[in-house]
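Data block for coords_19.csv (CSV, C-alpha atoms and all ligand atoms):
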chain,number,residue,atom,x,y,z
A,1,MET,CA,0.0,0.0,0.0
A,2,ASN,CA,1.4,3.4,-0.9
A,3,GLU,CA,1.8,6.3,1.4
A,4,LEU,CA,-1.4,8.1,0.2
A,5,ASP,CA,-3.6,5.1,0.5
A,6,SER,CA,-2.4,4.5,4.1
A,7,LEU,CA,-3.0,8.2,4.9
A,8,VAL,CA,-6.6,7.8,3.7
A,9,ASP,CA,-7.0,4.7,5.8
A,10,THR,CA,-5.6,6.5,8.9
A,11,ALA,CA,-8.0,9.4,8.3
A,12,ARG,CA,-11.0,7.0,8.0
A,13,ALA,CA,-9.9,5.2,11.2
A,14,ASP,CA,-9.5,8.6,13.1
A,15,PHE,CA,-12.9,9.8,11.9
A,16,ALA,CA,-14.5,6.6,13.0
A,17,LEU,CA,-13.1,7.1,16.5
A,18,ALA,CA,-14.7,10.5,16.8
A,19,LYS,CA,-17.7,10.1,19.0
A,20,ALA,CA,-19.0,13.7,18.8
A,21,PRO,CA,-19.0,16.4,16.1
A,22,ALA,CA,-16.2,18.4,18.0
A,23,ASP,CA,-13.9,15.3,18.0
A,24,LEU,CA,-14.5,15.0,14.3
A,25,GLU,CA,-13.6,18.6,13.6
A,26,ASN,CA,-10.3,18.1,15.4
A,27,ALA,CA,-9.6,15.0,13.4
A,28,LYS,CA,-10.4,16.9,10.2
A,29,ALA,CA,-7.9,19.6,11.1
A,30,ARG,CA,-5.2,16.9,11.4
A,31,PHE,CA,-5.7,15.9,7.8
A,32,LEU,CA,-7.3,18.8,5.9
A,33,GLY,CA,-6.4,21.8,8.1
A,34,LYS,CA,-3.8,24.5,7.4
A,35,ALA,CA,-1.2,22.4,9.2
A,36,GLY,CA,-2.8,19.1,8.2
A,37,ARG,CA,-1.2,16.2,6.4
A,38,ILE,CA,-2.7,16.9,3.0
A,39,THR,CA,-1.6,20.6,3.2
A,40,GLU,CA,1.9,19.4,4.1
A,41,LEU,CA,2.0,17.0,1.2
A,42,MET,CA,1.0,19.9,-1.2
A,43,LYS,CA,3.7,22.1,0.2
A,44,GLY,CA,6.2,19.3,-0.3
A,45,MET,CA,5.6,19.4,-4.1
A,46,ALA,CA,7.4,22.7,-4.5
A,47,ALA,CA,10.7,21.1,-5.4
A,48,LEU,CA,9.2,18.8,-8.0
A,49,SER,CA,9.3,19.2,-11.8
A,50,VAL,CA,6.2,20.2,-13.7
A,51,ASP,CA,5.4,16.7,-14.8
A,52,GLU,CA,6.1,15.2,-11.4
A,53,LYS,CA,3.9,18.0,-9.9
A,54,LYS,CA,1.0,17.0,-12.2
A,55,SER,CA,1.0,13.3,-11.4
A,56,ARG,CA,1.8,13.8,-7.7
A,57,GLY,CA,-0.8,16.6,-7.4
A,58,ALA,CA,-3.5,14.4,-9.0
A,59,ALA,CA,-2.7,11.5,-6.6
A,60,ILE,CA,-2.8,13.9,-3.6
A,61,ASN,CA,-6.1,15.2,-4.8
A,62,VAL,CA,-7.6,11.7,-5.1
A,63,ALA,CA,-6.5,11.1,-1.5
A,64,LYS,CA,-7.9,14.5,-0.4
A,65,GLN,CA,-11.2,13.7,-2.0
A,66,ALA,CA,-11.3,10.3,-0.4
A,67,ILE,CA,-10.6,11.9,3.0
A,68,GLU,CA,-13.3,14.6,2.5
A,69,ALA,CA,-15.8,11.9,1.5
A,70,ALA,CA,-14.9,9.9,4.6
A,71,LEU,CA,-15.3,13.1,6.7
A,72,ASN,CA,-18.8,13.9,5.2
A,73,HIS,CA,-19.8,10.3,5.7
A,74,ARG,CA,-18.9,10.4,9.3
A,75,ARG,CA,-20.5,13.8,9.8
A,76,GLN,CA,-23.7,12.4,8.5
A,77,ALA,CA,-23.5,9.3,10.6
A,78,LEU,CA,-22.9,11.4,13.8
A,79,ALA,CA,-25.8,13.7,12.9
A,80,ASP,CA,-28.0,10.7,12.3
A,81,GLU,CA,-27.0,9.2,15.7
A,82,GLU,CA,-27.7,12.5,17.4
A,83,LEU,CA,-31.2,12.7,15.8
A,84,GLU,CA,-31.9,9.1,16.8
A,85,VAL,CA,-31.0,9.8,20.4
A,86,GLN,CA,-33.2,13.0,20.4
A,87,LEU,CA,-36.1,11.2,18.8
A,88,ARG,CA,-35.9,8.4,21.3
A,89,ALA,CA,-35.9,10.8,24.2
A,90,GLU,CA,-38.9,12.7,22.8
A,91,ALA,CA,-40.8,9.6,21.8
A,92,LEU,CA,-44.5,9.2,22.5
A,93,ASP,CA,-45.5,5.8,23.5
A,94,VAL,CA,-48.8,5.5,21.7
A,95,THR,CA,-49.6,2.2,23.4
A,96,LEU,CA,-49.7,3.9,26.9
A,97,PRO,CA,-53.3,4.0,28.2
A,98,GLY,CA,-54.7,7.5,28.1
A,99,ARG,CA,-55.0,9.7,31.2
A,100,ARG,CA,-58.6,9.3,32.5
A,101,ARG,CA,-60.7,12.2,33.5
A,102,VAL,CA,-62.5,11.1,36.6
A,103,GLY,CA,-66.1,12.0,36.4
A,104,GLY,CA,-67.9,13.1,39.6
A,105,GLY,CA,-71.4,12.0,40.5
A,106,LEU,CA,-74.1,12.8,43.0
A,107,HIS,CA,-74.0,11.2,46.4
A,108,PRO,CA,-76.7,8.5,46.7
A,109,VAL,CA,-78.4,10.4,49.5
A,110,SER,CA,-78.4,13.6,47.3
A,111,ARG,CA,-80.0,11.5,44.6
A,112,THR,CA,-82.7,10.5,47.0
A,113,MET,CA,-83.2,14.1,48.1
A,114,GLU,CA,-83.7,15.1,44.5
A,115,ARG,CA,-86.2,12.3,43.9
A,116,ILE,CA,-88.2,13.2,47.0
A,117,GLU,CA,-88.2,16.9,46.0
A,118,ALA,CA,-89.3,16.1,42.4
A,119,ILE,CA,-92.1,13.7,43.5
A,120,PHE,CA,-93.5,16.1,46.2
A,121,SER,CA,-93.2,19.1,43.9
A,122,SER,CA,-95.3,17.3,41.4
A,123,MET,CA,-98.0,16.9,44.1
A,124,GLY,CA,-98.0,20.7,44.7
A,125,PHE,CA,-95.6,20.8,47.7
A,126,ASP,CA,-93.3,23.7,48.2
A,127,VAL,CA,-89.6,22.8,49.2
A,128,ALA,CA,-88.2,24.7,52.1
A,129,ASP,CA,-84.8,25.0,53.8
A,130,GLY,CA,-84.1,25.8,57.5
A,131,PRO,CA,-81.4,26.3,60.1
A,132,GLU,CA,-79.6,23.3,61.5
A,133,VAL,CA,-78.7,25.1,64.7
A,134,GLU,CA,-82.2,25.7,66.2
A,135,SER,CA,-83.8,27.4,69.2
A,136,ASP,CA,-85.3,25.2,71.9
A,137,TRP,CA,-88.7,26.7,71.1
A,138,HIS,CA,-88.6,25.6,67.5
A,139,SER,CA,-87.2,22.2,68.1
A,140,PHE,CA,-89.4,21.3,71.0
A,141,THR,CA,-91.7,23.7,72.8
A,142,SER,CA,-93.5,25.0,69.7
A,143,LEU,CA,-94.1,21.3,68.8
A,144,ASN,CA,-96.1,20.7,72.0
A,145,ASN,CA,-93.0,19.4,73.8
A,146,PRO,CA,-92.3,21.8,76.7
A,147,PRO,CA,-89.2,21.8,78.9
A,148,ASN,CA,-89.2,18.9,81.4
A,149,HIS,CA,-91.8,17.0,79.3
A,150,PRO,CA,-90.8,13.3,79.3
A,151,ALA,CA,-91.2,13.1,75.5
A,152,ARG,CA,-88.0,15.2,75.3
A,153,SER,CA,-86.0,12.1,76.2
A,154,MET,CA,-87.1,10.5,73.0
A,155,GLN,CA,-84.2,12.2,71.3
A,156,ASP,CA,-80.7,12.5,72.6
A,157,THR,CA,-80.0,16.0,71.5
A,158,PHE,CA,-76.7,17.9,70.9
A,159,TYR,CA,-76.7,21.3,72.6
A,160,VAL,CA,-74.6,24.3,71.6
A,161,ASP,CA,-72.7,26.4,74.2
A,162,ILE,CA,-74.8,29.5,73.4
A,163,ASP,CA,-78.1,30.4,74.9
A,164,GLY,CA,-81.1,31.4,72.9
A,165,GLU,CA,-83.4,34.3,73.7
A,166,ASP,CA,-85.3,32.1,76.1
A,167,GLY,CA,-82.2,31.4,78.1
A,168,ILE,CA,-82.1,27.8,76.9
A,169,PRO,CA,-79.1,26.7,74.8
A,170,TYR,CA,-79.4,26.3,71.0
A,171,ASN,CA,-79.5,22.7,69.8
A,172,LEU,CA,-78.5,20.9,66.6
A,173,ARG,CA,-82.0,20.1,65.4
A,174,PRO,CA,-82.8,16.5,66.2
A,175,HIS,CA,-85.5,16.4,63.5
A,176,THR,CA,-86.8,18.6,60.7
A,177,SER,CA,-90.1,19.2,62.5
A,178,PRO,CA,-89.1,22.7,63.6
A,179,MET,CA,-89.7,23.6,60.0
A,180,GLN,CA,-93.4,23.0,60.5
A,181,VAL,CA,-93.8,26.1,62.6
A,182,ARG,CA,-91.0,28.1,60.9
A,183,TYR,CA,-92.4,27.6,57.4
A,184,ALA,CA,-96.0,28.2,58.6
A,185,HIS,CA,-94.9,31.6,60.0
A,186,GLN,CA,-93.0,32.5,56.8
A,187,HIS,CA,-95.9,31.4,54.6
A,188,ILE,CA,-98.6,33.2,56.6
A,189,LYS,CA,-96.5,36.4,56.5
A,190,LYS,CA,-96.0,36.1,52.8
A,191,HIS,CA,-99.7,35.5,52.1
A,192,ALA,CA,-100.9,37.7,54.9
A,193,ALA,CA,-103.8,39.2,53.0
A,194,ALA,CA,-105.3,35.8,52.0
A,195,PHE,CA,-104.9,34.4,55.5
A,196,GLU,CA,-106.5,37.6,57.0
A,197,ALA,CA,-109.3,37.6,54.6
A,198,ALA,CA,-110.2,34.0,55.4
A,199,ALA,CA,-109.9,34.7,59.2
A,200,ALA,CA,-112.1,37.9,58.9
A,201,ASP,CA,-114.9,36.0,57.1
A,202,ALA,CA,-117.0,34.5,60.0
A,203,THR,CA,-119.3,32.7,57.5
A,204,GLY,CA,-116.4,30.5,56.4
A,205,ALA,CA,-117.2,31.2,52.8
A,206,THR,CA,-113.7,32.5,52.0
A,207,ARG,CA,-111.5,29.5,51.5
A,208,ALA,CA,-108.5,29.4,53.8
A,209,PRO,CA,-105.2,29.2,52.0
A,210,GLU,CA,-103.3,25.9,52.4
A,211,ILE,CA,-99.9,25.2,53.7
A,212,ARG,CA,-98.2,22.4,51.7
A,213,VAL,CA,-94.5,21.9,52.1
A,214,ILE,CA,-91.6,19.5,52.5
A,215,ALA,CA,-88.4,20.5,54.3
A,216,PRO,CA,-85.5,18.1,53.6
A,217,GLY,CA,-82.1,18.6,55.4
A,218,ARG,CA,-79.5,17.5,57.9
A,219,THR,CA,-80.5,16.5,61.5
A,220,TYR,CA,-78.4,15.4,64.5
A,221,ARG,CA,-78.7,13.0,67.4
A,222,VAL,CA,-76.3,11.4,69.9
A,223,ASP,CA,-76.5,8.0,68.2
A,224,SER,CA,-74.1,5.9,66.3
A,225,ASP,CA,-74.3,2.3,64.9
A,226,ALA,CA,-75.0,0.5,61.6
A,227,THR,CA,-78.4,2.2,61.2
A,228,HIS,CA,-77.8,5.4,63.2
A,229,SER,CA,-75.4,8.2,62.5
A,230,PRO,CA,-74.9,11.4,64.7
A,231,MET,CA,-75.6,13.3,61.5
A,232,PHE,CA,-78.4,12.0,59.3
A,233,HIS,CA,-81.1,13.3,57.0
A,234,GLN,CA,-84.8,13.8,57.4
A,235,CYS,CA,-87.5,15.2,55.2
A,236,GLU,CA,-90.4,16.9,56.9
A,237,GLY,CA,-93.8,17.1,55.2
A,238,LEU,CA,-96.7,19.3,56.2
A,239,TRP,CA,-100.2,19.8,54.7
A,240,LEU,CA,-102.6,22.0,56.4
A,241,GLY,CA,-105.9,23.3,55.2
A,242,GLU,CA,-109.6,23.4,56.0
A,243,ASN,CA,-110.3,19.8,55.4
A,244,VAL,CA,-107.1,17.8,55.1
A,245,SER,CA,-107.5,14.4,56.8
A,246,PHE,CA,-105.6,11.3,57.7
A,247,LYS,CA,-107.0,9.8,54.5
A,248,ASP,CA,-105.0,12.4,52.5
A,249,LEU,CA,-101.9,11.5,54.4
A,250,LYS,CA,-102.4,7.9,53.4
A,251,VAL,CA,-103.0,8.7,49.8
A,252,VAL,CA,-100.1,11.2,49.5
A,253,PHE,CA,-97.6,9.0,51.3
A,254,THR,CA,-98.6,5.8,49.5
A,255,ASP,CA,-98.3,7.6,46.2
A,256,PHE,CA,-94.9,8.9,47.2
A,257,CYS,CA,-93.5,5.5,48.2
A,258,ARG,CA,-94.8,3.7,45.1
A,259,THR,CA,-93.3,6.4,42.9
A,260,PHE,CA,-90.1,6.6,44.8
A,261,PHE,CA,-89.5,2.8,44.7
A,262,GLU,CA,-91.1,2.4,41.3
A,263,SER,CA,-93.2,-0.4,42.7
A,264,ASP,CA,-97.0,-0.3,42.2
A,265,ASP,CA,-97.8,-3.2,44.6
A,266,LEU,CA,-95.9,-1.7,47.6
A,267,VAL,CA,-98.0,-1.9,50.7
A,268,LEU,CA,-98.1,0.6,53.6
A,269,ARG,CA,-99.0,0.1,57.2
A,270,PHE,CA,-99.8,2.9,59.6
A,271,ARG,CA,-98.9,1.7,63.0
A,272,PRO,CA,-100.2,3.6,66.0
A,273,SER,CA,-97.4,5.6,67.8
A,274,PHE,CA,-96.8,8.7,69.8
A,275,PHE,CA,-95.3,12.1,69.0
A,276,PRO,CA,-96.0,15.2,71.1
A,277,PHE,CA,-96.8,17.2,67.9
A,278,THR,CA,-99.3,14.9,66.3
A,279,GLU,CA,-102.5,13.3,67.5
A,280,PRO,CA,-103.2,10.6,66.4
A,281,SER,CA,-99.7,9.5,65.4
A,282,ALA,CA,-98.5,6.7,63.4
A,283,GLU,CA,-95.2,5.1,62.3
A,284,ILE,CA,-95.3,4.3,58.6
A,285,ASP,CA,-94.0,0.9,57.5
A,286,ILE,CA,-93.7,-0.3,54.0
A,287,GLN,CA,-93.6,-3.8,52.6
A,288,PHE,CA,-92.2,-4.8,49.2
A,289,GLN,CA,-94.1,-7.7,47.4
A,290,SER,CA,-91.0,-8.8,45.4
A,291,GLY,CA,-87.3,-8.5,45.5
A,292,PRO,CA,-84.8,-9.3,48.3
A,293,LEU,CA,-86.8,-7.4,51.0
A,294,ALA,CA,-90.2,-8.9,50.1
A,295,GLY,CA,-92.5,-9.6,53.0
A,296,ARG,CA,-90.7,-7.6,55.7
A,297,TRP,CA,-92.2,-4.5,57.3
A,298,LEU,CA,-89.7,-1.7,57.1
A,299,GLU,CA,-90.2,1.6,59.0
A,300,VAL,CA,-89.7,4.7,56.9
A,301,ALA,CA,-91.4,7.6,58.6
A,302,GLY,CA,-93.3,9.0,61.6
A,303,SER,CA,-96.5,10.8,61.0
A,304,GLY,CA,-99.8,12.0,62.3
A,305,GLN,CA,-102.5,14.7,62.4
A,306,VAL,CA,-101.0,18.0,63.4
A,307,HIS,CA,-101.7,18.6,67.2
A,308,PRO,CA,-104.0,21.6,67.8
A,309,ASN,CA,-101.3,23.2,70.1
A,310,VAL,CA,-98.9,23.2,67.1
A,311,VAL,CA,-101.5,24.7,64.8
A,312,ARG,CA,-102.0,27.4,67.5
A,313,ASN,CA,-98.2,28.0,67.7
A,314,MET,CA,-98.3,28.6,63.9
A,315,GLY,CA,-100.8,31.4,64.5
A,316,LEU,CA,-103.7,29.6,63.1
A,317,ASP,CA,-107.1,28.5,64.4
A,318,PRO,CA,-107.1,24.8,65.1
A,319,GLU,CA,-110.9,24.8,64.7
A,320,ARG,CA,-110.4,25.8,61.1
A,321,TYR,CA,-107.0,24.4,60.1
A,322,ILE,CA,-106.4,20.7,60.2
A,323,GLY,CA,-103.9,18.5,58.5
A,324,PHE,CA,-101.0,16.1,58.7
A,325,ALA,CA,-97.3,16.0,59.1
A,326,PHE,CA,-94.7,13.4,58.5
A,327,GLY,CA,-91.0,13.0,58.9
A,328,MET,CA,-89.1,10.4,56.9
A,329,GLY,CA,-85.5,9.2,56.7
A,330,PRO,CA,-84.0,9.8,53.3
A,331,ASP,CA,-80.9,7.8,54.4
A,332,ARG,CA,-83.1,4.8,55.2
A,333,LEU,CA,-84.9,5.2,51.8
A,334,THR,CA,-81.5,5.2,50.1
A,335,MET,CA,-80.4,2.1,51.9
A,336,LEU,CA,-83.6,0.3,50.9
A,337,ARG,CA,-83.5,1.5,47.3
A,338,TYR,CA,-79.9,0.4,46.7
A,339,GLY,CA,-79.6,-2.5,49.2
A,340,VAL,CA,-77.0,-0.8,51.4
A,341,ASN,CA,-76.7,-2.5,54.8
A,342,ASP,CA,-74.6,0.0,56.8
A,343,LEU,CA,-75.7,3.7,57.0
A,344,ARG,CA,-72.1,4.8,57.9
A,345,LEU,CA,-71.0,3.9,54.4
A,346,PHE,CA,-72.8,7.0,53.2
A,347,PHE,CA,-70.7,9.3,55.4
A,348,ASP,CA,-67.2,7.6,55.3
A,349,GLY,CA,-66.3,9.2,51.9
A,350,ASP,CA,-64.9,6.0,50.6
A,351,LEU,CA,-64.8,6.3,46.8
A,352,ARG,CA,-64.9,2.6,46.3
A,353,PHE,CA,-68.4,2.7,47.7
A,354,LEU,CA,-69.5,6.1,46.3
A,355,SER,CA,-68.3,5.5,42.7
A,356,GLN,CA,-70.7,2.6,42.4
A,357,PHE,CA,-73.6,5.0,42.2
A,358,GLN,CA,-72.3,7.0,39.2
B,401,LIG,N1,-90.0,14.3,64.0
B,401,LIG,C1,-90.4,12.9,64.2
B,401,LIG,C2,-89.1,12.2,64.4
B,401,LIG,O1,-88.0,12.7,64.2
B,401,LIG,C3,-91.0,12.4,63.0
B,401,LIG,C4,-92.4,13.0,62.7
B,401,LIG,C5,-92.5,14.1,61.9
B,401,LIG,C6,-93.5,12.5,63.3
B,401,LIG,C7,-93.8,14.7,61.7
B,401,LIG,C8,-94.8,13.0,63.1
B,401,LIG,C9,-94.9,14.1,62.3
B,401,LIG,O2,-89.1,11.0,64.8

As structure tokens:
Amino acid sequence: MNELDSLVDTARADFALAKAPADLENAKARFLGKAGRITELMKGMAALSVDEKKSRGAAINVAKQAIEAALNHRRQALADEELEVQLRAEALDVTLPGRRRVGGGLHPVSRTMERIEAIFSSMGFDVADGPEVESDWHSFTSLNNPPNHPARSMQDTFYVDIDGEDGIPYNLRPHTSPMQVRYAHQHIKKHAAAFEAAAADATGATRAPEIRVIAPGRTYRVDSDATHSPMFHQCEGLWLGENVSFKDLKVVFTDFCRTFFESDDLVLRFRPSFFPFTEPSAEIDIQFQSGPLAGRWLEVAGSGQVHPNVVRNMGLDPERYIGFAFGMGPDRLTMLRYGVNDLRLFFDGDLRFLSQFQ
């Protein structure tokens, strides 16, 4: 192998060793630069004759072109490698599962509340909201349950460290029943003219306006097990008018239950009971005729004809206004509807449970 061929080989080998563009430029300088081997060989031709210059020059040129070709080839290879590394680093793995957007949903008890509101709205009931921290008068006394009355022990009530106007501490309402008198007062005030006109007409010919409302919301009692929670929900119902009877309670509540549970053959039982604010009073039990709960009596509400003392506390004449009230447990209704056996699951905030209702 002649000197020029081996120079080309050396250049190729050097270029191959260059691992980065900067190494390659250094290697290039050693062969093609101002002080490089090719330049030196060119300079070395000065002493040659014209003919020798021609052939020697041509041979050097061939070597130079071969070295340049090798350089370009290596440059391209390095650039390709660099691009390859970059592409790999920026690569998208199209087989990765997408990032899921987690959809929210209504809490099962909220669903029940919405159902209750929709059904009673369709029967002409107003929907009212009230305070959870209540006065003693609204929670008990106005409901014919005065201080020291034994019926007060029916509910283990939470009290707040602040006294109300009557000197008795506020309570966390143990039921939604305070909304009976609260709403009646608001409603009578709002429709004062109609109520006054009816009251002023001794003949009774002027029809008395009705009060028809449900009041869903949170309630509190010192109670905690699989079917009781210190915070739970109730929905109060009240219908007062000149001639609203227990029969109407039965019709309204039966209609509600059958619509709520989408079960036409659902049977209701009105079991005699006691509440200070209703007389007579009844617990309402329901019985499914099919499905996993068929045949069992399940308690869903307390109810009764509104006590004359409560009607009086509303500012109405109990000789004229009569009607019914009920208080049901939306948590219980939700458990029955979805087959949930532990009330506490509703309030634990466990997504494994809650996401099943979406
Ligand atoms: N407030 C009663 C309770 O919490 C339920 C009820 C409401 C009963 C209205 C009669 C009338 O148990």

Show me, as a Markdown table, the residues of chain A having an atom within 9 Å of ligand LIG 401 (chain B), each with the closest atom pair and its distance in Å, using only C-alpha atoms and all ligand atoms.
| residue | atom | partner | partner_atom | distance |
| --- | --- | --- | --- | --- |
| A:Met154 | CA | B:LIG401 | O2 | 8.5 |
| A:Gln155 | CA | B:LIG401 | O1 | 8.1 |
| A:Pro174 | CA | B:LIG401 | O1 | 6.7 |
| A:His175 | CA | B:LIG401 | O1 | 4.5 |
| A:Thr176 | CA | B:LIG401 | N1 | 6.3 |
| A:Ser177 | CA | B:LIG401 | N1 | 5.1 |
| A:Pro178 | CA | B:LIG401 | N1 | 8.5 |
| A:Gln180 | CA | B:LIG401 | C7 | 8.4 |
| A:Thr219 | CA | B:LIG401 | O1 | 8.8 |
| A:Gln234 | CA | B:LIG401 | O1 | 7.6 |
| A:Cys235 | CA | B:LIG401 | C5 | 8.4 |
| A:Glu236 | CA | B:LIG401 | C5 | 6.1 |
| A:Gly237 | CA | B:LIG401 | C7 | 6.9 |
| A:Leu238 | CA | B:LIG401 | C7 | 7.7 |
| A:Phe274 | CA | B:LIG401 | C8 | 8.2 |
| A:Phe275 | CA | B:LIG401 | C8 | 6.0 |
| A:Pro276 | CA | B:LIG401 | C8 | 8.4 |
| A:Phe277 | CA | B:LIG401 | C9 | 6.7 |
| A:Thr278 | CA | B:LIG401 | C8 | 5.8 |
| A:Glu279 | CA | B:LIG401 | C8 | 8.9 |
| A:Ser281 | CA | B:LIG401 | C8 | 6.4 |
| A:Ala282 | CA | B:LIG401 | C8 | 7.3 |
| A:Glu283 | CA | B:LIG401 | C6 | 7.7 |
| A:Ala301 | CA | B:LIG401 | C3 | 6.5 |
| A:Gly302 | CA | B:LIG401 | C6 | 3.9 |
| A:Ser303 | CA | B:LIG401 | C8 | 3.5 |
| A:Gly304 | CA | B:LIG401 | C8 | 5.2 |
| A:Gln305 | CA | B:LIG401 | C9 | 7.6 |
| A:Val306 | CA | B:LIG401 | C9 | 7.3 |
| A:Phe324 | CA | B:LIG401 | C9 | 7.4 |
| A:Ala325 | CA | B:LIG401 | C9 | 4.4 |
| A:Phe326 | CA | B:LIG401 | C7 | 3.6 |
| A:Gly327 | CA | B:LIG401 | C5 | 3.5 |
| A:Met328 | CA | B:LIG401 | C3 | 6.7 |
| A:Gly329 | CA | B:LIG401 | O1 | 8.6 |

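With all atoms listed in the file as the atoms that count, the minimum distance from Gln287 (chain A) to the choices A:Asp264, A:Asp161, A:Asp9, A:Glu114 is reached by A:Asp264.
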
Per-residue nearest contacts of region 112-224 of chain A to region 86-108 of chain A (12 Å; only C-alpha atoms) as JSON lines:
{"residue": "A:Thr112", "atom": "CA", "partner": "A:Pro108", "partner_atom": "CA", "distance": 6.3}
{"residue": "A:Met113", "atom": "CA", "partner": "A:Pro108", "partner_atom": "CA", "distance": 8.7}
{"residue": "A:Glu114", "atom": "CA", "partner": "A:Pro108", "partner_atom": "CA", "distance": 9.9}
{"residue": "A:Arg115", "atom": "CA", "partner": "A:Pro108", "partner_atom": "CA", "distance": 10.6}

Output C-alpha atoms for every residue in the selection just made, as a PDB file, in the coordinates of the input.
ATOM      1  CA  THR A 112     -82.700  10.500  47.000  1.00  0.00           C
ATOM      2  CA  MET A 113     -83.200  14.100  48.100  1.00  0.00           C
ATOM      3  CA  GLU A 114     -83.700  15.100  44.500  1.00  0.00           C
ATOM      4  CA  ARG A 115     -86.200  12.300  43.900  1.00  0.00           C
TER       5      ARG A 115
END

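Here CA of Glu134 (chain A) and CA of Glu299 (chain A) stand 26.4 Å from one another.
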
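When only C-alpha atoms are used to compute distances to Val310 (chain A), the closest of the residues A:Ala184, A:Ile60, A:Ile67, A:Leu7 turns out to be A:Ala184.
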
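Distance check against Val267 (chain A) using all atoms listed in the file: of A:Leu345, A:Trp297, A:Ala128, A:Ser245, the minimum falls on A:Trp297.
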
Polymer residues at most 8 Å from Phe31 (chain A), all atoms listed in the file, same-chain spacing of 6 or more positions, as a ChimeraX atom specification: /A:11,37-39,67

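If you look at CA of Pro292 (chain A) and CA of Arg218 (chain A), they are 29.0 Å away from each other.
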
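What separates CA of His138 (chain A) from CA of Asn313 (chain A) is a distance of 9.9 Å.
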
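Proximity ranking of A:Leu343, A:Ala198, A:Met335, A:Val181 relative to Ser139 (chain A) places A:Val181 first, based on all atoms listed in the file.
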
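Closest to Asn145 (chain A) among A:Gln358, A:Asn309, A:Thr334, A:Thr10 is A:Asn309, based on all atoms listed in the file.
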
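Nearest to Val127 (chain A) of all the residues A:Ile214, A:Glu84, A:Gln76, A:His191 is A:Ile214, counting all atoms listed in the file.
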
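Every protein or nucleic acid residue with an atom no more than 9 Å from Arg221 (chain A), counting all atoms listed in the file and leaving out same-chain residues fewer than 6 positions away, appears here: Gln155, Asp156, Thr157, Phe158, Leu172, Arg173, Pro174, His175, His228, Ser229, Pro230, Met231 and Phe232 of chain A.
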